[in-house]
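Below is query_32.txt, holding compact mmCIF, C-alpha atoms.
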# COMPACT_ATOMS: atom_id res chain seq x y z
CA MET A 1 9.76 -16.28 -8.76
CA THR A 2 11.13 -15.18 -12.13
CA ARG A 3 11.43 -11.61 -13.33
CA GLU A 4 8.59 -12.12 -15.79
CA GLU A 5 6.29 -13.39 -13.04
CA LYS A 6 7.19 -10.43 -10.82
CA GLY A 7 6.60 -8.05 -13.73
CA ALA A 8 3.18 -9.58 -14.37
CA ILE A 9 2.24 -9.28 -10.69
CA ILE A 10 3.40 -5.65 -10.58
CA GLU A 11 1.40 -4.86 -13.72
CA GLU A 12 -1.71 -6.59 -12.34
CA LEU A 13 -1.35 -4.78 -8.99
CA SER A 14 -0.86 -1.41 -10.72
CA GLU A 15 -4.07 -1.92 -12.65
CA LYS A 16 -5.88 -2.98 -9.47
CA PHE A 17 -4.64 0.10 -7.57
CA LYS A 18 -5.76 2.33 -10.48
CA THR A 19 -9.26 0.85 -10.76
CA VAL A 20 -10.05 0.29 -7.06
CA PRO A 21 -10.05 3.57 -5.11
CA TYR A 22 -10.23 1.82 -1.72
CA PHE A 23 -7.48 -0.42 -0.42
CA TYR A 24 -6.11 -1.26 3.01
CA ILE A 25 -2.70 -2.70 3.86
CA THR A 26 -2.81 -4.86 6.97
CA ASP A 27 -0.40 -6.78 9.18
CA ALA A 28 -1.61 -10.27 10.03
CA SER A 29 1.68 -11.60 11.37
CA GLY A 30 1.37 -14.00 14.27
CA MET A 31 -2.00 -15.30 13.11
CA SER A 32 -2.56 -19.06 12.94
CA VAL A 33 -3.74 -20.78 9.76
CA ALA A 34 -7.23 -21.07 11.23
CA GLU A 35 -7.30 -17.33 12.03
CA VAL A 36 -6.13 -16.41 8.52
CA ASN A 37 -8.74 -18.72 7.02
CA LYS A 38 -11.43 -17.05 9.15
CA LEU A 39 -10.23 -13.63 7.98
CA ARG A 40 -10.29 -14.72 4.34
CA ARG A 41 -13.81 -16.15 4.77
CA MET A 42 -15.04 -12.89 6.33
CA CYS A 43 -13.44 -10.92 3.49
CA PHE A 44 -15.10 -13.13 0.89
CA ASP A 45 -18.50 -12.80 2.59
CA GLN A 46 -18.27 -8.99 2.51
CA GLY A 47 -16.96 -8.72 -1.06
CA ILE A 48 -13.41 -7.80 -0.08
CA GLU A 49 -10.49 -9.20 -2.03
CA TYR A 50 -7.65 -10.10 0.36
CA ARG A 51 -4.18 -10.90 -0.93
CA VAL A 52 -0.80 -11.35 0.72
CA ILE A 53 1.82 -9.61 -1.41
CA LYS A 54 5.52 -8.89 -1.00
CA ASN A 55 6.24 -5.30 0.03
CA THR A 56 8.67 -4.71 -2.85
CA LEU A 57 5.98 -5.69 -5.37
CA ILE A 58 3.45 -3.39 -3.68
CA ARG A 59 5.99 -0.55 -3.65
CA LYS A 60 6.82 -0.97 -7.36
CA ALA A 61 3.13 -1.12 -8.28
CA LEU A 62 2.39 2.05 -6.29
CA GLU A 63 5.31 3.85 -7.97
CA THR A 64 3.57 3.49 -11.34
CA LEU A 65 0.56 5.51 -10.13
CA GLU A 66 0.08 9.27 -10.32
CA THR A 67 -0.69 9.59 -6.58
CA ASP A 68 2.33 9.94 -4.29
CA TYR A 69 2.50 6.93 -1.97
CA ALA A 70 6.06 7.66 -0.75
CA SER A 71 4.83 8.03 2.84
CA PHE A 72 3.83 4.34 2.74
CA ASP A 73 7.47 3.25 2.24
CA GLU A 74 8.80 3.44 5.79
CA ALA A 75 5.68 3.12 7.91
CA VAL A 76 3.47 0.75 5.94
CA LEU A 77 5.53 -1.40 3.61
CA THR A 78 7.48 -3.30 6.23
CA GLY A 79 6.99 -6.80 7.59
CA PHE A 80 4.03 -8.99 6.67
CA SER A 81 1.55 -7.22 4.35
CA GLY A 82 -1.90 -8.24 3.25
CA VAL A 83 -3.89 -5.99 0.93
CA MET A 84 -7.68 -5.64 1.10
CA PHE A 85 -9.45 -4.27 -1.97
CA HIS A 86 -13.06 -3.12 -2.00
CA ALA A 87 -14.46 -1.47 -5.13
CA GLU A 88 -17.49 0.27 -3.63
CA SER A 89 -16.72 1.55 -0.13
CA GLY A 90 -13.73 2.63 1.90
CA LYS A 91 -15.60 1.83 5.09
CA VAL A 92 -16.23 -1.89 4.61
CA PRO A 93 -12.63 -3.07 5.19
CA ALA A 94 -12.39 -0.91 8.33
CA LYS A 95 -15.59 -2.46 9.68
CA LEU A 96 -14.25 -5.92 8.87
CA ILE A 97 -10.96 -5.27 10.72
CA LYS A 98 -12.83 -4.02 13.78
CA GLN A 99 -15.31 -6.91 13.65
CA TYR A 100 -12.53 -9.49 13.24
CA ARG A 101 -10.56 -8.12 16.19
CA LYS A 102 -13.70 -8.18 18.34
CA GLU A 103 -14.67 -11.74 17.36
CA ALA A 104 -11.13 -13.13 17.58
CA GLY A 105 -10.56 -11.51 20.96
CA ASN A 106 -7.03 -10.50 20.03
CA ASP A 107 -5.25 -7.70 18.24
CA LYS A 108 -3.20 -9.74 15.78
CA LEU A 109 -4.77 -8.05 12.74
CA LYS A 110 -3.53 -4.48 12.49
CA LEU A 111 -4.13 -1.70 9.99
CA LYS A 112 -0.82 -0.47 8.60
CA GLY A 113 -2.21 1.98 6.06
CA ALA A 114 -5.12 2.71 3.77
CA SER A 115 -5.95 4.66 0.65
CA VAL A 116 -9.51 5.93 0.45
CA ASP A 117 -10.23 7.96 -2.68
CA TYR A 118 -6.47 8.57 -2.91
CA SER A 119 -6.28 10.03 0.62
CA LEU A 120 -3.70 8.25 2.75
CA PHE A 121 -4.24 7.01 6.30
CA ILE A 122 -1.19 5.60 8.06
CA GLY A 123 -1.20 3.59 11.28
CA HIS A 124 -3.68 1.50 13.24
CA ASP A 125 -4.84 4.58 15.15
CA GLN A 126 -6.53 5.76 11.93
CA LEU A 127 -9.03 2.88 12.04
CA GLU A 128 -11.64 4.89 13.97
CA THR A 129 -11.25 7.77 11.52
CA LEU A 130 -11.85 5.40 8.62
CA LEU A 131 -14.94 4.01 10.34
CA THR A 132 -16.47 7.48 10.62
CA LEU A 133 -15.83 8.47 7.00
CA LYS A 134 -18.94 8.83 4.92
CA THR A 135 -19.22 7.18 1.55
CA LYS A 136 -19.72 9.20 -1.60
CA ASN A 137 -23.40 8.24 -1.74
CA GLU A 138 -23.92 9.24 1.92
CA LEU A 139 -22.34 12.65 1.23
CA ILE A 140 -24.52 13.16 -1.86
CA GLY A 141 -27.59 12.28 0.24
CA ASP A 142 -26.56 14.82 2.90
CA VAL A 143 -26.11 17.55 0.28
CA ILE A 144 -29.51 16.79 -1.27
CA ALA A 145 -31.15 16.88 2.17
CA LEU A 146 -29.50 20.23 2.90
CA LEU A 147 -30.65 21.64 -0.43
CA GLN A 148 -34.22 20.41 0.10
CA SER A 149 -34.62 21.68 3.66
CA PRO A 150 -34.82 25.41 2.78
CA ALA A 151 -37.44 24.69 0.14
CA LYS A 152 -39.46 22.64 2.61
CA ASN A 153 -39.24 25.46 5.15
CA VAL A 154 -40.49 28.02 2.61
CA ILE A 155 -43.37 25.78 1.53
CA SER A 156 -44.42 24.99 5.10
CA GLY A 157 -44.18 28.68 5.97
CA LEU A 158 -46.39 29.61 3.05
CA GLN A 159 -48.89 26.89 3.89
CA SER A 160 -49.07 27.84 7.55
CA GLY A 161 -49.33 31.52 6.60
CA GLY A 162 -52.22 30.69 4.30
CA ASN A 163 -54.00 28.81 7.08
CA LYS A 164 -53.48 31.74 9.47
CA LEU A 165 -54.79 34.19 6.90
CA ALA A 166 -57.87 32.05 6.25
CA GLY A 167 -58.48 31.80 10.02
CA ILE A 168 -58.19 35.57 10.45
CA LEU A 169 -60.57 36.24 7.54
CA LYS A 170 -63.09 33.75 8.90
CA THR A 171 -62.94 35.35 12.36
CA LEU A 172 -63.40 38.83 10.88
CA SER A 173 -66.36 37.72 8.76
CA GLU A 174 -67.99 36.09 11.81
CA ARG A 175 -67.56 39.34 13.79
CA GLU A 176 -69.16 41.37 11.04
CA ALA A 177 -72.06 38.94 10.84
CA ALA A 178 -72.61 39.15 14.59
Structure rendered as structure tokens:
Amino acid sequence: MTREEKGAIIEELSEKFKTVPYFYITDASGMSVAEVNKLRRMCFDQGIEYRVIKNTLIRKALETLETDYASFDEAVLTGFSGVMFHAESGKVPAKLIKQYRKEAGNDKLKLKGASVDYSLFIGHDQLETLLTLKTKNELIGDVIALLQSPAKNVISGLQSGGNKLAGILKTLSEREAA
């Protein structure tokens, strides 16, 4: 690969890392061609872009960004590295990794590191944490639900109070009539 080709790949990767807030770096070493093809097919079906890239090119692309990815150097950017990009959710690649490991019946695919909204997760033990993260839309929905619940409580309290008051007045008027 020539210097110009490497420079073009680094520039393309830098732009991808800037525009896609969710990416996972995986280790798929030891996988057969059939297993890699199955992984790629699953990625395609779920809208995940999967690319195998040299660690030095990933490192140089990450150095161009404002976020500090220095902690990726020793722990993540070693050995075989495949990068999964998903533009809409940081949870989808984690679900795919878990699903693939379950279906394949082996643990050849490992999470080395992930960046979700510029927060770093290092190591395969972070997979469960990534699976439990809520998306931005889920968090917005939770906040809206929390904001609406006090209003609903006040309205239901007023309505039930009105019904009680009407019942009391009716009872009193019936007593007076009797």
With all atoms listed in the file counted and 12 Å as the cut-off, give the residues of segment 74-122 of chain A in contact with segment 28-45 of chain A, each with its shortest interatomic distance in Å and the pair that gives it, as JSON lines.
{"residue": "A:Thr78", "atom": "CA", "partner": "A:Ser29", "partner_atom": "CA", "distance": 11.4}
{"residue": "A:Gly79", "atom": "CA", "partner": "A:Ser29", "partner_atom": "CA", "distance": 8.1}
{"residue": "A:Phe80", "atom": "CA", "partner": "A:Ser29", "partner_atom": "CA", "distance": 5.9}
{"residue": "A:Ser81", "atom": "CA", "partner": "A:Ala28", "partner_atom": "CA", "distance": 7.2}
{"residue": "A:Gly82", "atom": "CA", "partner": "A:Ala28", "partner_atom": "CA", "distance": 7.1}
{"residue": "A:Val83", "atom": "CA", "partner": "A:Ala28", "partner_atom": "CA", "distance": 10.3}
{"residue": "A:Met84", "atom": "CA", "partner": "A:Cys43", "partner_atom": "CA", "distance": 8.2}
{"residue": "A:Phe85", "atom": "CA", "partner": "A:Cys43", "partner_atom": "CA", "distance": 9.5}
{"residue": "A:His86", "atom": "CA", "partner": "A:Cys43", "partner_atom": "CA", "distance": 9.5}
{"residue": "A:Val92", "atom": "CA", "partner": "A:Cys43", "partner_atom": "CA", "distance": 9.5}
{"residue": "A:Pro93", "atom": "CA", "partner": "A:Cys43", "partner_atom": "CA", "distance": 8.1}
{"residue": "A:Ala94", "atom": "CA", "partner": "A:Cys43", "partner_atom": "CA", "distance": 11.2}
{"residue": "A:Lys95", "atom": "CA", "partner": "A:Cys43", "partner_atom": "CA", "distance": 10.7}
{"residue": "A:Leu96", "atom": "CA", "partner": "A:Cys43", "partner_atom": "CA", "distance": 7.4}
{"residue": "A:Ile97", "atom": "CA", "partner": "A:Leu39", "partner_atom": "CA", "distance": 8.8}
{"residue": "A:Lys98", "atom": "CA", "partner": "A:Leu39", "partner_atom": "CA", "distance": 11.5}
{"residue": "A:Gln99", "atom": "CA", "partner": "A:Met42", "partner_atom": "CA", "distance": 9.5}
{"residue": "A:Tyr100", "atom": "CA", "partner": "A:Leu39", "partner_atom": "CA", "distance": 7.1}
{"residue": "A:Arg101", "atom": "CA", "partner": "A:Leu39", "partner_atom": "CA", "distance": 9.9}
{"residue": "A:Glu103", "atom": "CA", "partner": "A:Lys38", "partner_atom": "CA", "distance": 10.3}
{"residue": "A:Ala104", "atom": "CA", "partner": "A:Glu35", "partner_atom": "CA", "distance": 7.9}
{"residue": "A:Gly105", "atom": "CA", "partner": "A:Glu35", "partner_atom": "CA", "distance": 11.1}
{"residue": "A:Asn106", "atom": "CA", "partner": "A:Met31", "partner_atom": "CA", "distance": 9.8}
{"residue": "A:Asp107", "atom": "CA", "partner": "A:Ala28", "partner_atom": "CA", "distance": 9.3}
{"residue": "A:Lys108", "atom": "CA", "partner": "A:Ala28", "partner_atom": "CA", "distance": 6.0}
{"residue": "A:Leu109", "atom": "CA", "partner": "A:Ala28", "partner_atom": "CA", "distance": 4.7}
{"residue": "A:Lys110", "atom": "CA", "partner": "A:Ala28", "partner_atom": "CA", "distance": 6.6}
{"residue": "A:Leu111", "atom": "CA", "partner": "A:Ala28", "partner_atom": "CA", "distance": 8.9}
{"residue": "A:Lys112", "atom": "CA", "partner": "A:Ala28", "partner_atom": "CA", "distance": 9.9}
Selection from above, C-alpha atoms, as a compact mmCIF listing (two decimals), in the coordinates of the input, can you write it?
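The resulting file, selection.txt, is shown below:
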# COMPACT_ATOMS: atom_id res chain seq x y z
CA THR A 78 7.48 -3.30 6.23
CA GLY A 79 6.99 -6.80 7.59
CA PHE A 80 4.03 -8.99 6.67
CA SER A 81 1.55 -7.22 4.35
CA GLY A 82 -1.90 -8.24 3.25
CA VAL A 83 -3.89 -5.99 0.93
CA MET A 84 -7.68 -5.64 1.10
CA PHE A 85 -9.45 -4.27 -1.97
CA HIS A 86 -13.06 -3.12 -2.00
CA VAL A 92 -16.23 -1.89 4.61
CA PRO A 93 -12.63 -3.07 5.19
CA ALA A 94 -12.39 -0.91 8.33
CA LYS A 95 -15.59 -2.46 9.68
CA LEU A 96 -14.25 -5.92 8.87
CA ILE A 97 -10.96 -5.27 10.72
CA LYS A 98 -12.83 -4.02 13.78
CA GLN A 99 -15.31 -6.91 13.65
CA TYR A 100 -12.53 -9.49 13.24
CA ARG A 101 -10.56 -8.12 16.19
CA GLU A 103 -14.67 -11.74 17.36
CA ALA A 104 -11.13 -13.13 17.58
CA GLY A 105 -10.56 -11.51 20.96
CA ASN A 106 -7.03 -10.50 20.03
CA ASP A 107 -5.25 -7.70 18.24
CA LYS A 108 -3.20 -9.74 15.78
CA LEU A 109 -4.77 -8.05 12.74
CA LYS A 110 -3.53 -4.48 12.49
CA LEU A 111 -4.13 -1.70 9.99
CA LYS A 112 -0.82 -0.47 8.60
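Picture a line from atom CA of Ile10 of chain A to atom CA of Gly47 of chain A; it runs 22.7 Å.
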> Which of these, A:Lys91, A:Lys16, A:Arg175, A:Lys6, has the shortest distance to Leu133 of chain A once you count all atoms listed in the file?
Replying inline: A:Lys91
> Do you know which residues are at most 10 Å from Pro21 of chain A counting all atoms listed in the file, after dropping those on the same chain fewer than 6 positions away, and could you put them as a list of chain:residue names?
Replying inline: A:Phe85, A:His86, A:Ala87, A:Glu88, A:Ser89, A:Gly90, A:Ser115, A:Val116, A:Asp117, A:Tyr118, A:Ser119
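Between atom CA of Glu138 of chain A and atom CA of Thr67 of chain A the separation is 24.7 Å.
Across the model, the gap from atom CA of Val20 of chain A to atom CA of Leu77 of chain A is 19.0 Å.
Minimum atom-to-atom distances from A:Ala70, A:Leu169, A:Tyr24, A:Val76 to Leu127 of chain A were compared using only C-alpha atoms, and the lowest value belongs to A:Tyr24.
When only C-alpha atoms are used to measure the gap to Gly123 of chain A, the shortest distance among A:Ala166, A:Val52, A:Ala145, A:Ile25 belongs to A:Ile25.
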> For Ile9 of chain A, which residue out of A:His124, A:Lys170, A:Arg59, A:Lys102 is the nearest one, using all atoms listed in the file?
Replying inline: A:Arg59
>> List the spatial neighbours of Leu65 of chain A as a PyMOL selection string - criterion: any atom at most 10 Å away, only C-alpha atoms, same-chain residues fewer than 3 positions off excluded.
In response: chain A and resi 14-15+17-18+60-62+68-69
